[in-house]
Amino acid sequence: MGFDVFAMSARQTAQRIAAGEISSVEVLDTYLARIARLNLDLNALVATDFERARARAVEADAALARGENWGPLHGVPITLKESFDVEGLPTTWGEPSLRDNYPKQNSAVAKALVDAGAIIMGKTNIPWMISDWQTFNDVYGETKNPWDLSRSPGGSSGGAAAAVAAGLTTFDVGSDIGGSIRNPSHYCGIFGHKPSFGLVPQDGHAPRADEPGVDINVLGPLARNADDLEFVLDILARPEGEDGTAWKLDLPQPRKIAPSSLRVAVMLDSPVSKVDQSVVDVLTVAIAKLAERGVVFDFEARPEIDFARAHRLFMQLLRSAMAAADDDAKHVRFRELAASYADDDDGYDAMMARAAVWSRQQWFQAHKERNLIRAAWKTFFERFDLIIMPMAATAAYVRDTKTPRQVRKLTVNGEETFFRDQFFWAGPASLSYLPATMAPAGFTDAGLPVGMQIIGSYLRDRETIALAKLVGQVVGGAVPPPSCRH
């Protein structure tokens with residue numbers, strides 16, 4: 001019967017298994033063969049569970065033979081980002097002291113997927129404490145980009161993106177607080193979706209079991225097919241914990257169907273973070289192809305937002321969120337560091353040190369300012385359906401595991417700039433809790449993928465995914481890297 005991982009979406013795979021056209025064991029064996037052949041170079045999968053996966057695939061086929069169907073993902077093999085708790089597998093967050101952390105129960109995401117019939121083959125690599133746009137740590141080592149092994153696959157869902165792009169899994173689920181789904185999707189040439197904040201429960205996505213979810217962070221799918229983003233999101237999205245006792249989730253369908261009915265703003269550059277012309281050129285061509293389908297674009301429209309100020313606020317709230325779980329000793333160290341800066345020092349390092357130890361009142365004032373920005377976006381999306389932006393200043397860059405990310409440099413249009421400046425492009429959606437979908441938009445002259453970031457209004461996730469589907473149709477979607485086509 002045969003099974004081509006690049007020809008079949010996760011939804012189609014599940015349908016073929018349910019119809020008896022292909023067995024779960026056959027699908028699993030196809031992926032395991034690819035993992036054996038390709039993962040040694042990539043190091044995308046790092047904590048595997050092949051024995052249990054095979055036993056579960058056998059059970060899945062036997063269940064279908066008895067007329068039992070476990071759900072929409074019956075018998076489909078998947079992987080998850082290492083930071084999700086999966087019973088029987090380690091959750092280390094790349095921290096050596098957590099090597100022996102084996103959770104006793106599944107995270108909310110893992111449980112939803114297993115309840116839907118999925119088979120978890122293993123977990124994919126991350127940067128230490130999921131805090132970089134590269135993927136390496138002292139537990140599992142370094143992950144490479146399947147398009148060019150000398151380059152980063154991105155982060156923090158870098159192992160997930162590399163595995164999906166190389167065809168080592170049907171799909172993966174990552175997390176995104178500062179672009180960690182969108183950035184690796186861009187670098188690896190796949191689809192990814194950052195949901196509206198609060199749409200997918202964060203239970204079981206923390207270094208330690210007693211830690212709650214944090215501000216800004218969301219959980220969502222990475223896939224080779226835009227349809228799979230919606231397919232998986234429908235399985236994952238639900239009220240968190242006890243909220244499910246009374247609350248129900250009903251994501252609205254797109255308000256507009258015809259491409260010619262869409263009004264889309266475009267913002268491809270900013271004084272806060274310049275974008276390399278090689279990226280702008282690819283996005284411009286893709287936008288022109290969408291225009292040929294009837295989509296109406298406006299390259300000048302902007303919300304009433306001071307983007308420089310919004311970026312600063314985003315970085316402060318991001319730092320505050322990342323520091324929320326610091327132990328007392330680390331909190332004291334950051335408080336001492338913050339106090340060491342002069343009162344009139346308004347630089348990046350001073351700003352980030354202070355944000356790490358904000359008082360509740362300081363955070364609340366920042367949150368109030370965020371809500372004003374959210375209101376500005378709401379007004380903007382009453383005139384425009386979506387806005388298109390880049391995700392990063394360049395395509396995938398050459399890996400650099402020696403330079404601390406705070407001082408790492410990046411060459412943009414021939415000029416050196418701080419690597420951190422490009423976090424600007426993660427900010428608009430993250431700061432304001434908006435949905436954002438990544439779609440492969442084409443390739444630079446150097447053959448590196450470029451992704452298009454599509455941002456929409458709060459809880460209009462299906463609308464950003466719908467445009468990503470159209471991008472996939474007009475541009476060609478995700479394609480296998482040359483080294484993974486055999």
# chains A, B, ... in the order shown; residues from 1 in each chain; ligands from 1
>>> select_by_dssp(residues="stretch 430-477 of chain A", states="helix (DSSP H, G or I)", output="list in words")
Ser430, Leu431, Asp461, Arg462, Glu463, Thr464, Ile465, Ala466, Leu467, Ala468, Lys469, Leu470, Val471, Gly472, Gln473, Val474 and Val475 of chain A
>>> write_last_selection(atoms="C-alpha atoms", output="PDB file, in the first residue's frame")
ATOM      1  CA  SER A 430       2.679  37.733  21.974  1.00  0.00           C
ATOM      2  CA  LEU A 431       2.239  40.973  23.906  1.00  0.00           C
ATOM      3  CA  ASP A 461      -7.424  31.670  15.104  1.00  0.00           C
ATOM      4  CA  ARG A 462      -9.277  30.021  12.249  1.00  0.00           C
ATOM      5  CA  GLU A 463      -8.856  33.178  10.168  1.00  0.00           C
ATOM      6  CA  THR A 464      -5.044  33.263  10.416  1.00  0.00           C
ATOM      7  CA  ILE A 465      -4.940  29.536   9.625  1.00  0.00           C
ATOM      8  CA  ALA A 466      -7.290  30.034   6.667  1.00  0.00           C
ATOM      9  CA  LEU A 467      -4.921  32.528   5.051  1.00  0.00           C
ATOM     10  CA  ALA A 468      -2.009  30.169   5.766  1.00  0.00           C
ATOM     11  CA  LYS A 469      -3.886  27.490   3.824  1.00  0.00           C
ATOM     12  CA  LEU A 470      -4.197  29.882   0.891  1.00  0.00           C
ATOM     13  CA  VAL A 471      -0.493  30.712   1.109  1.00  0.00           C
ATOM     14  CA  GLY A 472       0.223  26.993   0.969  1.00  0.00           C
ATOM     15  CA  GLN A 473      -1.845  26.721  -2.213  1.00  0.00           C
ATOM     16  CA  VAL A 474      -0.280  29.646  -4.069  1.00  0.00           C
ATOM     17  CA  VAL A 475       3.326  29.206  -2.908  1.00  0.00           C
TER      18      VAL A 475
END
>>> residues_around(residues="stretch 141-143 of chain A", least_positions_apart="5", cutoff="9 Å", atoms="only C-alpha atoms", output="count of residues only")
20
>>> atom_distance(atom1="atom CA of A:Gly155", atom2="atom CA of A:Asn101")
22.1 Å
>>> closest_residue(among="A:Phe334, A:Trp358, A:Phe299, A:Trp363", to="A:Met389", atoms="only C-alpha atoms")
A:Phe299
>>> residues_around(residues="A:Arg460", least_positions_apart="4", cutoff="9 Å", atoms="only C-alpha atoms", output="PyMOL selection string")
chain A and resi 196+251-254+434-435+456+464
>>> atom_distance(atom1="atom CA of A:Glu369", atom2="atom CA of A:Trp425")
19.0 Å
>>> closest_residue(among="A:Gln422, A:Thr169, A:Thr124, A:Asn225", to="A:Ala33", atoms="only C-alpha atoms")
A:Thr169
>>> residues_around(residues="A:Tyr433", least_positions_apart="4", cutoff="12 Å", atoms="only C-alpha atoms", output="ChimeraX atom specification")
/A:176-178,194-199,215-218,314,367,370-371,373-375,377-378,426-429,455-461
>>> residues_around(residues="A:Ser83", least_positions_apart="2", cutoff="9 Å", atoms="only C-alpha atoms", output="PyMOL selection string")
chain A and resi 80-81+85+91-94+123-126+129-130+174-175+204-207
>>> residues_around(residues="A:Thr30", least_positions_apart="6", cutoff="9 Å", atoms="only C-alpha atoms", output="MDAnalysis selection string")
chainID A and resid 3:5 168
>>> write_last_selection(atoms="N, CA and C atoms", output="short mmCIF file (atom, residue, chain, number, x, y, z; two decimals), in the first residue's frame")
data_model
loop_
_atom_site.label_atom_id
_atom_site.label_comp_id
_atom_site.auth_asym_id
_atom_site.auth_seq_id
_atom_site.Cartn_x
_atom_site.Cartn_y
_atom_site.Cartn_z
N PHE A 3 3.36 4.34 2.04
CA PHE A 3 3.02 5.52 2.84
C PHE A 3 4.09 6.57 2.63
N ASP A 4 3.71 7.71 2.06
CA ASP A 4 4.62 8.81 1.80
C ASP A 4 4.37 9.89 2.84
N VAL A 5 5.33 10.11 3.75
CA VAL A 5 5.10 11.03 4.85
C VAL A 5 4.88 12.46 4.36
N LEU A 168 10.16 13.25 10.25
CA LEU A 168 10.39 12.26 11.30
C LEU A 168 9.16 12.04 12.17
#
>>> atom_distance(atom1="atom CA of A:Arg66", atom2="atom CA of A:Ala118")
18.1 Å
>>> select_by_dssp(residues="stretch 324-407 of chain A", states="strand (DSSP E)", output="PyMOL selection string")
chain A and resi 386-389
>>> residues_around(residues="A:Ser359", least_positions_apart="3", cutoff="12 Å", atoms="only C-alpha atoms", output="PyMOL selection string")
chain A and resi 320+324+331+335+354-356+362-366
>>> write_last_selection(atoms="C-alpha atoms", output="compact mmCIF listing (two decimals), in the first residue's frame")
# COMPACT_ATOMS: atom_id res chain seq x y z
CA SER A 320 8.94 39.12 34.10
CA ALA A 324 8.19 34.18 37.66
CA HIS A 331 15.48 36.28 42.84
CA ARG A 335 17.41 42.09 42.84
CA ARG A 354 14.56 45.33 36.80
CA ALA A 355 11.75 43.51 35.00
CA ALA A 356 12.94 40.22 36.50
CA GLN A 362 4.88 47.45 38.58
CA TRP A 363 3.58 44.41 36.71
CA PHE A 364 0.01 45.67 37.04
CA GLN A 365 0.92 49.06 35.57
CA ALA A 366 2.60 47.31 32.63
